[in-house]
There are 2 protein chains.
Amino acid sequence: MSATREIEALIDMMARLPGLGPRSARRAVLHMIRKRSVLMTPLADLMQKVAASARECLNCGNIGTGDICDICASDNRANGMICVVEDVADLWALERSGVFKGRYHVLGGTLSALDQVGPEQLRIPRLIDRVDSEAVTEVILALNATVDGQTTAHYIAEQLEDRVTLTSLAQGVPIGGELDYLDDGTITAALNARRRV
Amino acid sequence: MSATREIEALIDMMARLPGLGPRSARRAVLHMIRKRSVLMTPLADLMQKVAASARECLNCGNIGTGDICDICASDNRANGMICVVEDVADLWALERSGVFKGRYHVLGGTLSALDQVGPEQLRIPRLIDRVDSEAVTEVILALNATVDGQTTAHYIAEQLEDRVTLTSLAQGVPIGGELDYLDDGTITAALNARRRV
């Protein structure tokens, strides 16, 4: 290889990012080298800053820069609702919609006997504590509609059912979705939950 | 958004890399934040190092750490052959095969009247100089089999035809390729260049 060892090491490391393989990592590195002053150096600076400052919120598991994230620190978000999500990416997706004004609880995964993920690994005890300490009235289980996600939702529901209102996201046809392309399960769910026009 | 401004800026910048969009940039950034000590910090360090050291070879356009790249600096590669490629990625692909022992000339694109790319922008005068100064006997035109690539190859061939042997890569069925999936042009080329078994 004519590329220097550092460039090769950089390609190998970029290829470890999700969504990038060896080929796309090479393309990305070449692109960065071509734009090293306007892209590569600022990107590296930002990564250093974020690596130094980012941490998980001790309360909810969201990623922020302090021990407690902005959402948990804001009194405006204390509306008695907690939305339980699997992952910070799900939290970001909900925040982008801008419709939810409460707080979150990021599990960091789903229960899995195979992978030895139990309630403790998922901050479920912390969620139960929060229901009491933050005067929570409703817990929205916004877990993925997968088998593991629904198993985890079921487990949490069992732990909390006497204490708060438990809700889950509606299932049905996505906005802009075409029936022809939907799976049977979604069509069944949408039909069962049909509403009067 | 609950993510801090730095994280958002990082996602925006990652999304500018080829092969990554907003969604995959978010996934990559989350992954890096989770692995900040083993992945994000070392990656940022490497990017800083490469951004500071990488530069284009003044002779051939390859990327290296000095004014002259390793291949141009090595006497072992002075076998009188220059392989002309569009891009450093193409050079890397040829180097991975390990079969070419000569030197390269990286054009950095193709001729394009629309984008106002002329011979000067593509280091073509430098290629013509090299043919004389490096005692070159064969120039291999390893340009992409696209219209622009072939136009550029044709132009270079016209400039050099009296001075050196000009060759181009063979066209035909890729190794492991299935005829059923090949386009008509490739099948035509493979048939026209058929060889005795």
# chains A, B, ... in the order shown; residues from 1 in each chain; ligands from 1

$ residues_around --residues "range 106-123 of chain B" --least-positions-apart "3" --cutoff "10 Å" --atoms "only C-alpha atoms" --output "ChimeraX atom specification"
/B:56-63,83-91,126-129,143-144,146-153,155-156

$ select_by_dssp --residues "range 67-161 of chain B" --states "strand (DSSP E)" --output "ChimeraX atom specification"
/B:81-85,103-106,138-141

$ write_last_selection --atoms "N, CA, C and O atoms" --output "compact mmCIF listing (two decimals), in the first residue's frame"
# COMPACT_ATOMS: atom_id res chain seq x y z
N MET B 81 7.06 2.17 -16.57
CA MET B 81 5.62 2.13 -16.80
C MET B 81 4.92 3.13 -15.89
O MET B 81 5.24 3.24 -14.70
N ILE B 82 3.95 3.86 -16.47
CA ILE B 82 3.11 4.74 -15.67
C ILE B 82 1.66 4.34 -15.91
O ILE B 82 1.23 4.19 -17.06
N CYS B 83 0.96 4.12 -14.81
CA CYS B 83 -0.45 3.77 -14.89
C CYS B 83 -1.27 5.02 -14.56
O CYS B 83 -1.16 5.57 -13.46
N VAL B 84 -2.06 5.49 -15.50
CA VAL B 84 -2.83 6.72 -15.33
C VAL B 84 -4.21 6.37 -14.76
O VAL B 84 -4.94 5.56 -15.36
N VAL B 85 -4.56 6.94 -13.60
CA VAL B 85 -5.87 6.68 -12.98
C VAL B 85 -6.58 8.00 -12.74
O VAL B 85 -5.96 9.07 -12.70
N ARG B 103 4.88 3.00 -11.69
CA ARG B 103 4.41 4.19 -10.99
C ARG B 103 3.04 4.60 -11.50
O ARG B 103 2.53 4.04 -12.47
N TYR B 104 2.46 5.57 -10.84
CA TYR B 104 1.11 6.02 -11.18
C TYR B 104 1.11 7.49 -11.59
O TYR B 104 2.05 8.23 -11.30
N HIS B 105 -0.01 7.89 -12.19
CA HIS B 105 -0.27 9.31 -12.37
C HIS B 105 -1.76 9.53 -12.10
O HIS B 105 -2.60 8.99 -12.81
N VAL B 106 -2.06 10.26 -11.05
CA VAL B 106 -3.44 10.46 -10.63
C VAL B 106 -3.96 11.76 -11.26
O VAL B 106 -3.47 12.85 -10.94
N GLU B 138 5.95 2.79 -21.37
CA GLU B 138 4.56 2.39 -21.54
C GLU B 138 3.66 3.19 -20.60
O GLU B 138 3.96 3.33 -19.42
N VAL B 139 2.59 3.72 -21.14
CA VAL B 139 1.58 4.40 -20.32
C VAL B 139 0.30 3.57 -20.38
O VAL B 139 -0.23 3.33 -21.47
N ILE B 140 -0.15 3.09 -19.21
CA ILE B 140 -1.38 2.29 -19.14
C ILE B 140 -2.51 3.23 -18.76
O ILE B 140 -2.48 3.85 -17.69
N LEU B 141 -3.50 3.34 -19.60
CA LEU B 141 -4.63 4.22 -19.32
C LEU B 141 -5.69 3.43 -18.57
O LEU B 141 -6.50 2.72 -19.17

$ atom_distance --atom1 "CA of Ala51 in chain A" --atom2 "CA of Lys35 in chain A"
22.4 Å

$ interface_residues --of "chain B" --to "chain A" --cutoff "9 Å" --atoms "only C-alpha atoms" --output "MDAnalysis selection string"
chainID B and resid 1:4 6:7 9:10 13:14 16:20 24:37 39:52 54:55 62:65 69:71 88:89 91:92 95:96 98

$ atom_distance --atom1 "CA of Val173 in chain B" --atom2 "CA of Phe100 in chain B"
20.4 Å
